[in-house]
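For reference, the structure discussed in these notes is given below.
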Amino acid sequence: MRIANWLENSRHLPTISYCLGLGLIALTVTAIWLADIAFIKEQQRIGVEVNLAGRQRMLSQRIGMIAQNMARFERVNGANPSFTLLGCADQMMRAHVALKSTDIQLIRSALSEGFSCHLGKPDDVPVGELSPALQAAFFGGNHPLDAMLRQFAETARRLAQSDPPDEKDIEHIVNLANLHMPVKLNSLTNTFQHEGEEALRRLDTITTTMWALTLILIAVEIVLIFRPMARSIQRNLSRIKETLAIAKQRETDLHLANEQLWEGITYARKIQKGLLADVHEMRHSVADVAMLWEPLQVVSGDFVWSSEQYNKVVFFVADCTGHGVPGALLTMIVSSELTKIMDYVDLDDPENLMLYLDKAVRARLGQEIQEDDKFAMRESDDGFEAALVIFDRDDNTLTYVGAGIPLFIQSFDGIRRIAADRRHLGYRTLKRPSSFTVHKIDIEPNETFYVATDGATDHIGGKNKRAFGRKRLFEVLESKAYADLETQLDNLKAVLSEYRGEEPARDDYTVLAVTPRSAAQLAEKAAE
């Protein structure tokens with residue numbers, strides 16, 4: 001009765017309103033806090049899932065690479081390819097089971113394995129509560145990811161246990177690893193990301209609603225109770241305005257910083273182009289020359305170097321690790337070391353030149369590290385592929401040494417390919433090359449040679465979204481064989497762009513085309 005009488009007393013109305021409003025505000029703020037915690041955990045879970053799905057894709061590609069050339073894998077890595085195949089297949093299935101279970105601890109445990117590829121089949125864990133989109137990503141379509149991945153793992157196990165390996169199994173697993181599995185795993189990754197975006201939108205809606213309700217309650221409290229505190233609230237609003245002004249200024253500063261960064265990268269492109277071989281200068285030494293240099297991100301990890309010494313014209317093409325600014329910085333290191341080496345290495349020994357360059361770049365990058373160094377994994381692991389071509393005007397011969405970049409020669413009989421050694425230069429974790437194959441080729445008049453980095457043939461496009469490939473490259477070059485080299489490369493660039501369509505470029509690419517000129521031909525031109 002006393003409580004009822006107290007509530008009926010109008011003098012207590014402000015106190016009642018104050019307590020009720022404060023309680024409602026506390027409830028809404030608590031709801032916002034709980035929603036933030038729930039959705040942050042959800043985002044963390046999805047982020048781990050996306051990372052693990054991406055790790056699966058890289059594992060599938062690693063299995064495909066091992067299966068494609070098991071002998072080379074064992075030679076380069078010093079590891080048993082069969083055990084590695086089995087371990088990687090088991091690890092892919094453990095990751096797959098973890099993703100389907102939706103158990104965050106299991107997912108994080110699978111992610112923490114990295115690329116260890118240790119043996120061990122996954123525990124039989126039931127499928128978690130998957131959303132319809134994830135159900136479709138795992139089990140939907142004509143070729144479900146679940147069945148495809150199990151087939152992929154089974155094929156990998158069968159391939160690891162067979163001696164000799166079945167060629168059909170190798171072809172099947174390489175197709176799955178390079179074509180079908182990436183598409184399925186990318187679709188799964190996109191689904192996880194889409195669900196993450198949906199969670200953020202829900203969070204934004206809930207928090208906005210809660211904050212709106214909080215503001216309404218605060219307004220009611222102000223009208224009923226806090227009119228005397230209007231000046232204090234006004235001061236708080238002024239502070240908020242100041243904060244917004246500061247944020248606006250920071251936004252302006254950030255925009256300015258971005259402009260300055262873009263200007264810096266654009267200027268860096270000018271500097272890098274200055275390091276490239278000068279096509280106009282090269283035309284004094286050869287019959288015809290053209291170069292297609294297409295960076296992925298303003299600056300490039302590809303570069304072309306040229307020099308003329310003792311009636312010999314030297315061409316060097318390199319494809320360095322990465323692209324953009326990191327790749328461009330590496331090209332400067334390689335170019336600097338190459339320029340120094342050319343001062344004391346005999347051009348008659350191109351193999352020694354490549355070995356010296358490998359050693360010099362390793363030393364410059366601090367990658368000359370002992371195997372027992374506990375800090376080794378913290379150091380860089382960068383390198384490059386390269387092709388060295390030396391044209392001797394006196395005997396009209398071409399000397400070629402390749403580390404991952406082949407040489408193409410076009411004559412009246414078509415285009416023939418001189419394969420490069422399967423070598424890489426500079427990398428810390430890859431076996432250091434001890435030798436190179438030196439190819440010496442007689443060049444007939446009007447024959448043209450091409451050096452192209454793999455970015456040219458790796459363009460993805462067409463109806464089936466496949467790589468452009470060497471065969472198409474040869475067809476394009478042969479179709480314009482009668483034209484000058486600049487016209488040929490302009491045509492190649494247009495064909496590559498049309499083939500790619502809406503697909504984004506994935507790497508830098510460079511093509512160097514040269515028609516040499518012998519000493520006799522130079523003398524004839526001078527006489528004219």
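Numbering starts fresh at 1 for the residues of each chain in the structure tokens, the chains themselves are lettered A, B, ... in the order given, and ligands are numbered from 1 as they appear.
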
### Message
Env of Thr155 (chain A): 9 Å cut, atoms = only C-alpha atoms, seq-sep filter 5 positions within chain, self excluded. Answer as a PyMOL selection string.
### Response
chain A and resi 150+160+169-170+172-173

Per-residue nearest contacts region 450-525 of chain A to region 176-180 of chain A, cut-off 10 Å, using only C-alpha atoms, as a Markdown table:
| residue | atom | partner | partner_atom | distance |
| --- | --- | --- | --- | --- |
| A:Asn464 | CA | A:Leu179 | CA | 9.8 |
| A:Lys465 | CA | A:Leu179 | CA | 8.9 |
| A:Arg466 | CA | A:Leu179 | CA | 8.2 |

Excluding same-chain residues fewer than 4 positions from Pro295 (chain A), what lies within 6 Å of it counting only C-alpha atoms, as a CSV table (one decimal) with C-alpha atoms, in the first residue's frame?
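part15.csv, freshly written:
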chain,number,residue,atom,x,y,z
A,299,VAL,CA,55.8,-1.0,-61.5
A,300,SER,CA,56.9,-4.5,-62.4
A,508,ASP,CA,53.4,-8.8,-64.9

### Task
Write out as a ChimeraX atom specification which residues come within 9 Å of Asn186 (chain A) when counting only C-alpha atoms, dropping same-chain ones fewer than 6 positions away.
/A:53-54,57

### Query
Which of these, A:Gly264, A:Pro350, A:Gly87, A:Gly327, has the shortest distance to Ala153 (chain A) once you count only C-alpha atoms?
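Smallest separation from Ala153 (chain A) among the options: A:Gly87.
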
### Query
Which of these, A:Asn446, A:Thr429, A:Ser435, A:Thr321, has the shortest distance to Phe412 (chain A) once you count only C-alpha atoms?
A:Asn446

### Message
Need the shell around Pro144 (chain A): protein/DNA/RNA residues with any atom at most 12 Å away, counting only C-alpha atoms. Skip same-chain ones fewer than 5 positions apart. Format as a PyMOL selection string?
### Response
chain A and resi 134-139+149-151+180-181+183-185+187-188

Could you write out that same residue set with C-alpha atoms as a PDB file, in the first residue's frame?
ATOM      1  CA  LEU A 134      27.155 -23.410 -47.079  1.00  0.00           C
ATOM      2  CA  GLN A 135      25.082 -26.559 -47.630  1.00  0.00           C
ATOM      3  CA  ALA A 136      25.037 -25.678 -51.329  1.00  0.00           C
ATOM      4  CA  ALA A 137      28.769 -24.872 -51.336  1.00  0.00           C
ATOM      5  CA  PHE A 138      29.682 -28.226 -49.735  1.00  0.00           C
ATOM      6  CA  PHE A 139      27.057 -30.582 -51.151  1.00  0.00           C
ATOM      7  CA  LEU A 149      37.537 -33.382 -52.422  1.00  0.00           C
ATOM      8  CA  ARG A 150      37.167 -36.974 -51.238  1.00  0.00           C
ATOM      9  CA  GLN A 151      37.833 -38.188 -54.772  1.00  0.00           C
ATOM     10  CA  HIS A 180      38.104 -27.763 -60.682  1.00  0.00           C
ATOM     11  CA  MET A 181      39.250 -27.628 -57.049  1.00  0.00           C
ATOM     12  CA  VAL A 183      36.802 -23.032 -58.538  1.00  0.00           C
ATOM     13  CA  LYS A 184      34.996 -24.999 -55.828  1.00  0.00           C
ATOM     14  CA  LEU A 185      37.215 -23.741 -53.008  1.00  0.00           C
ATOM     15  CA  SER A 187      33.170 -20.558 -54.270  1.00  0.00           C
ATOM     16  CA  LEU A 188      33.341 -21.820 -50.667  1.00  0.00           C
TER      17      LEU A 188
END

### Task
Please provide as a ChimeraX atom specification all residues within 12 Å of Asn51 (chain A), with the sequence filter that same-chain residues fewer than 2 positions apart are discarded (counting only C-alpha atoms).
/A:44-49,53-58,95,99,107-108,110-112,114,185-186,188-190,192-193

Residues from last step as file, C-alpha atoms, as an mmCIF file, in the first residue's frame:
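Heads up, here's the output in selection-v5.cif:
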data_model
loop_
_atom_site.group_PDB
_atom_site.id
_atom_site.type_symbol
_atom_site.label_atom_id
_atom_site.label_comp_id
_atom_site.auth_asym_id
_atom_site.auth_seq_id
_atom_site.Cartn_x
_atom_site.Cartn_y
_atom_site.Cartn_z
ATOM 1 C CA GLN A 44 36.489 -14.248 -36.218
ATOM 2 C CA ARG A 45 35.057 -17.676 -36.967
ATOM 3 C CA ILE A 46 34.358 -16.788 -40.594
ATOM 4 C CA GLY A 47 37.811 -15.236 -40.957
ATOM 5 C CA VAL A 48 39.404 -18.469 -39.736
ATOM 6 C CA GLU A 49 37.154 -20.471 -42.076
ATOM 7 C CA ALA A 53 39.542 -22.766 -47.162
ATOM 8 C CA GLY A 54 42.321 -20.787 -48.840
ATOM 9 C CA ARG A 55 44.872 -23.101 -47.225
ATOM 10 C CA GLN A 56 42.973 -26.059 -48.729
ATOM 11 C CA ARG A 57 43.258 -24.492 -52.176
ATOM 12 C CA MET A 58 47.011 -24.059 -51.794
ATOM 13 C CA ALA A 95 40.556 -29.191 -42.863
ATOM 14 C CA LEU A 99 34.999 -26.692 -41.870
ATOM 15 C CA ILE A 107 38.901 -25.250 -37.348
ATOM 16 C CA ARG A 108 41.651 -23.324 -35.544
ATOM 17 C CA ALA A 110 43.359 -27.494 -38.530
ATOM 18 C CA LEU A 111 44.562 -23.999 -39.479
ATOM 19 C CA SER A 112 47.455 -24.149 -37.017
ATOM 20 C CA GLY A 114 49.904 -24.786 -41.711
ATOM 21 C CA LEU A 185 37.215 -23.741 -53.008
ATOM 22 C CA ASN A 186 36.969 -20.163 -54.275
ATOM 23 C CA LEU A 188 33.341 -21.820 -50.667
ATOM 24 C CA THR A 189 35.578 -18.900 -49.691
ATOM 25 C CA ASN A 190 33.184 -16.439 -51.338
ATOM 26 C CA PHE A 192 32.128 -17.551 -46.116
ATOM 27 C CA GLN A 193 32.937 -13.945 -47.026
#

Go through region 148-219 of chain A and flag each residue having an atom no more than 12 Å from region 119-131 of chain A; for those, report the closest pair of atoms plus their distance in Å to one decimal, using only C-alpha atoms, ordered by chain and rising number, as JSON lines.
{"residue": "A:Ala153", "atom": "CA", "partner": "A:Lys121", "partner_atom": "CA", "distance": 10.9}
{"residue": "A:Glu154", "atom": "CA", "partner": "A:Lys121", "partner_atom": "CA", "distance": 11.9}
{"residue": "A:Arg157", "atom": "CA", "partner": "A:Leu119", "partner_atom": "CA", "distance": 11.1}
{"residue": "A:Thr191", "atom": "CA", "partner": "A:Ser131", "partner_atom": "CA", "distance": 10.0}
{"residue": "A:Phe192", "atom": "CA", "partner": "A:Ser131", "partner_atom": "CA", "distance": 10.2}
{"residue": "A:His194", "atom": "CA", "partner": "A:Ser131", "partner_atom": "CA", "distance": 11.7}
{"residue": "A:Glu195", "atom": "CA", "partner": "A:Ser131", "partner_atom": "CA", "distance": 9.1}

How would the residues just chosen look if you wrote them out with N, CA and C atoms as a PDB file, in the first residue's frame?
ATOM      1  N   ALA A 153      41.389 -36.589 -52.660  1.00  0.00           N
ATOM      2  CA  ALA A 153      42.252 -37.159 -51.639  1.00  0.00           C
ATOM      3  C   ALA A 153      42.510 -38.637 -51.917  1.00  0.00           C
ATOM      4  N   GLU A 154      41.476 -39.343 -52.348  1.00  0.00           N
ATOM      5  CA  GLU A 154      41.640 -40.763 -52.630  1.00  0.00           C
ATOM      6  C   GLU A 154      42.608 -40.983 -53.805  1.00  0.00           C
ATOM      7  N   ARG A 157      46.091 -40.456 -52.561  1.00  0.00           N
ATOM      8  CA  ARG A 157      46.583 -41.611 -51.802  1.00  0.00           C
ATOM      9  C   ARG A 157      46.951 -42.772 -52.750  1.00  0.00           C
ATOM     10  N   THR A 191      31.479 -17.795 -50.254  1.00  0.00           N
ATOM     11  CA  THR A 191      30.298 -17.998 -49.408  1.00  0.00           C
ATOM     12  C   THR A 191      30.588 -17.579 -47.980  1.00  0.00           C
ATOM     13  N   PHE A 192      31.762 -17.978 -47.471  1.00  0.00           N
ATOM     14  CA  PHE A 192      32.128 -17.551 -46.116  1.00  0.00           C
ATOM     15  C   PHE A 192      32.195 -16.024 -46.031  1.00  0.00           C
ATOM     16  N   HIS A 194      30.685 -13.848 -47.957  1.00  0.00           N
ATOM     17  CA  HIS A 194      29.341 -13.289 -48.081  1.00  0.00           C
ATOM     18  C   HIS A 194      28.607 -13.368 -46.751  1.00  0.00           C
ATOM     19  N   GLU A 195      28.733 -14.486 -46.061  1.00  0.00           N
ATOM     20  CA  GLU A 195      28.075 -14.603 -44.764  1.00  0.00           C
ATOM     21  C   GLU A 195      28.660 -13.619 -43.757  1.00  0.00           C
TER      22      GLU A 195
END

### Task
Work out how far CA of Leu353 (chain A) is from CA of Glu447 (chain A), in Å to one decimal.
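Interatomic distance here is 25.9 Å.
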
### Message
Which of region 335-419 of chain A end up as alpha helix (DSSP H) when DSSP is run on this backbone - answer as a PyMOL selection string?
### Response
chain A and resi 335-341+350-364

Would you put the residues from that selection into a file with C-alpha atoms, as a compact mmCIF listing (two decimals), in the first residue's frame?
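Here's the written file selection05.txt:
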# COMPACT_ATOMS: atom_id res chain seq x y z
CA SER A 335 69.97 -5.15 -62.31
CA SER A 336 72.62 -3.62 -60.04
CA GLU A 337 74.33 -6.95 -59.41
CA LEU A 338 74.20 -7.88 -63.11
CA THR A 339 75.82 -4.58 -64.10
CA LYS A 340 78.67 -5.15 -61.64
CA ILE A 341 79.19 -8.76 -62.70
CA PRO A 350 77.66 -17.41 -69.68
CA GLU A 351 77.10 -20.32 -67.30
CA ASN A 352 79.57 -18.81 -64.84
CA LEU A 353 77.85 -15.43 -65.23
CA MET A 354 74.49 -16.92 -64.15
CA LEU A 355 76.09 -18.73 -61.20
CA TYR A 356 77.82 -15.53 -60.06
CA LEU A 357 74.55 -13.61 -60.37
CA ASP A 358 72.71 -16.20 -58.25
CA LYS A 359 75.36 -15.96 -55.55
CA ALA A 360 75.47 -12.14 -55.63
CA VAL A 361 71.69 -11.75 -55.29
CA ARG A 362 71.54 -14.25 -52.42
CA ALA A 363 74.26 -12.29 -50.63
CA ARG A 364 72.57 -8.92 -51.25

### Message
To one decimal place in Å, what is the distance between CA of Asn77 (chain A) and CA of Leu59 (chain A)?
### Response
16.0 Å

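Nearest to Ser82 (chain A) of all the residues A:His459, A:Arg417, A:His118, A:Lys440 is A:His118, based on only C-alpha atoms.
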
### Summary
For Asp507 (chain A), the closest of A:Phe83, A:Phe408, A:Phe316, A:Trp293 counting only C-alpha atoms is A:Trp293

### Query
Using only C-alpha atoms, which residues sit within 6 Å of Thr399 (chain A) once same-chain residues fewer than 4 positions away are excluded, as a list of chain:residue names?
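These residues fall inside the cut-off: A:Val389, A:Ile390, A:His439, A:Lys440.
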